[in-house]
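Accompanying notes for the structure given below.
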Amino acid sequence: MNIFEEVLHRLSSKTRIRSLFKDVHAEDLERIISRLNDVLTEKQEARAKDEEKRKKKQESIEAIKQFMADRGVSMNDLGLGNLELEETVQKRRRNIQKYTFEYENEAGERIKWEGATTGRLPRDFQAYLERTGKKRLDCALEQIEE
């Protein structure tokens with residue numbers, strides 16, 4: 001758990017807050033609360049500004065759409081075809097190559113394993129690599145096509 005998650009966890013329960021601040025003087029606690037209130041106010045103001053910007057932008061979009069509709073102009077007339085006014089987010093697909101690996105365990109048995117060149121390995125495969133000083137790809141038999 002990182003420090004941010006730990007702080008949120010501690011501050012999410014009245015009981016945990018009590019135990020966290022049990023040795024803190026009331027004046028110090030008041031200063032902490034005051035600072036937290038200042039941060040809260042800043043966050044609320046920033047959110048209000050962002051919301052106002054979003055509303056203005058949406059109003060502008062609606063005004064442009066209405067103006068175009070009044071004039072009988074469409075997106076196709078502008079040469080934009082089916083282009084949406086709002087941005088679309090494309091997900092990037094990771095290209096992970098998978099292989100069939102062959103290695104020897106401690107008992108001398110030959111084992112085949114399918115996996116990638118990254119990520120965790122079976123314990124006996126990791127021990128084999130450490131024992132022999134080989135790299136993963138040295139044990140690859142074939143690449144698996146997807």
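Here's how to read the names in the structure tokens: chain A, B, ... by the order shown, residue numbers from 1 in each chain, ligand numbers from 1 in the order shown.
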Distance query segment 134-141 of chain A at most 7 Å, only C-alpha atoms, self and fewer than 3 positions along chain excluded, as a PDB file with N, CA and C atoms, in the first residue's frame:
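The result, stored in selection-v7.pdb:
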ATOM      1  N   TYR A  99       5.617 -17.484 -25.864  1.00  0.00           N
ATOM      2  CA  TYR A  99       6.507 -18.537 -26.335  1.00  0.00           C
ATOM      3  C   TYR A  99       6.217 -19.833 -25.599  1.00  0.00           C
ATOM      4  N   THR A 100       6.693 -20.925 -26.189  1.00  0.00           N
ATOM      5  CA  THR A 100       6.734 -22.202 -25.493  1.00  0.00           C
ATOM      6  C   THR A 100       8.173 -22.381 -25.040  1.00  0.00           C
ATOM      7  N   PHE A 101       8.356 -22.508 -23.732  1.00  0.00           N
ATOM      8  CA  PHE A 101       9.681 -22.672 -23.154  1.00  0.00           C
ATOM      9  C   PHE A 101       9.853 -24.115 -22.709  1.00  0.00           C
ATOM     10  N   GLU A 102      11.110 -24.591 -22.732  1.00  0.00           N
ATOM     11  CA  GLU A 102      11.411 -25.910 -22.201  1.00  0.00           C
ATOM     12  C   GLU A 102      12.587 -25.762 -21.251  1.00  0.00           C
ATOM     13  N   TYR A 103      12.451 -26.370 -20.064  1.00  0.00           N
ATOM     14  CA  TYR A 103      13.512 -26.309 -19.064  1.00  0.00           C
ATOM     15  C   TYR A 103      13.523 -27.607 -18.276  1.00  0.00           C
ATOM     16  N   THR A 117       7.890 -13.221 -22.346  1.00  0.00           N
ATOM     17  CA  THR A 117       9.275 -12.885 -21.999  1.00  0.00           C
ATOM     18  C   THR A 117       9.329 -11.918 -20.835  1.00  0.00           C
ATOM     19  N   LEU A 129      16.953 -21.141 -14.481  1.00  0.00           N
ATOM     20  CA  LEU A 129      17.681 -20.018 -15.087  1.00  0.00           C
ATOM     21  C   LEU A 129      18.832 -19.564 -14.201  1.00  0.00           C
TER      22      LEU A 129
END
**Q.** Residues within 9 Å of Lys65 of chain A, only C-alpha atoms, excluding chain neighbours under 5 positions, as a list in words
**A.**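 Result of the neighbour search: Ser60, Asp70 and Ser74 of chain A.
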Q: Would you list, as a ChimeraX atom specification, the residues of segment 12-140 of chain A that end up in alpha helix (DSSP H) under DSSP run on this structure's backbone?
A: /A:14-20,26-71,123-132
**Q.** Atom-to-atom span, atom CA of Ile111 of chain A and atom CA of Phe125 of chain A, Å
**A.**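 Computed distance, atom CA of Ile111 of chain A to atom CA of Phe125 of chain A, equals 8.8 Å.
Atom CA of Gly119 of chain A to atom CA of Arg131 of chain A spans 19.2 Å [interatomic distance, one decimal].
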Q: May I ask which of the residues A:Thr132, A:Thr118, A:Thr15, A:Thr41 is the closest one to Ile96 of chain A, counting only C-alpha atoms?
A: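 When distances to Ile96 of chain A are compared using only C-alpha atoms, the smallest one comes from A:Thr118.
For the pair atom CA of Asn105 of chain A and atom CA of Ala127 of chain A, the interatomic distance is 8.0 Å.
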**Q.** Filtered DSSP result for chain A, state strand (DSSP E or B), as a PyMOL selection string
**A.** chain A and resi 98-104+110-116+140-144
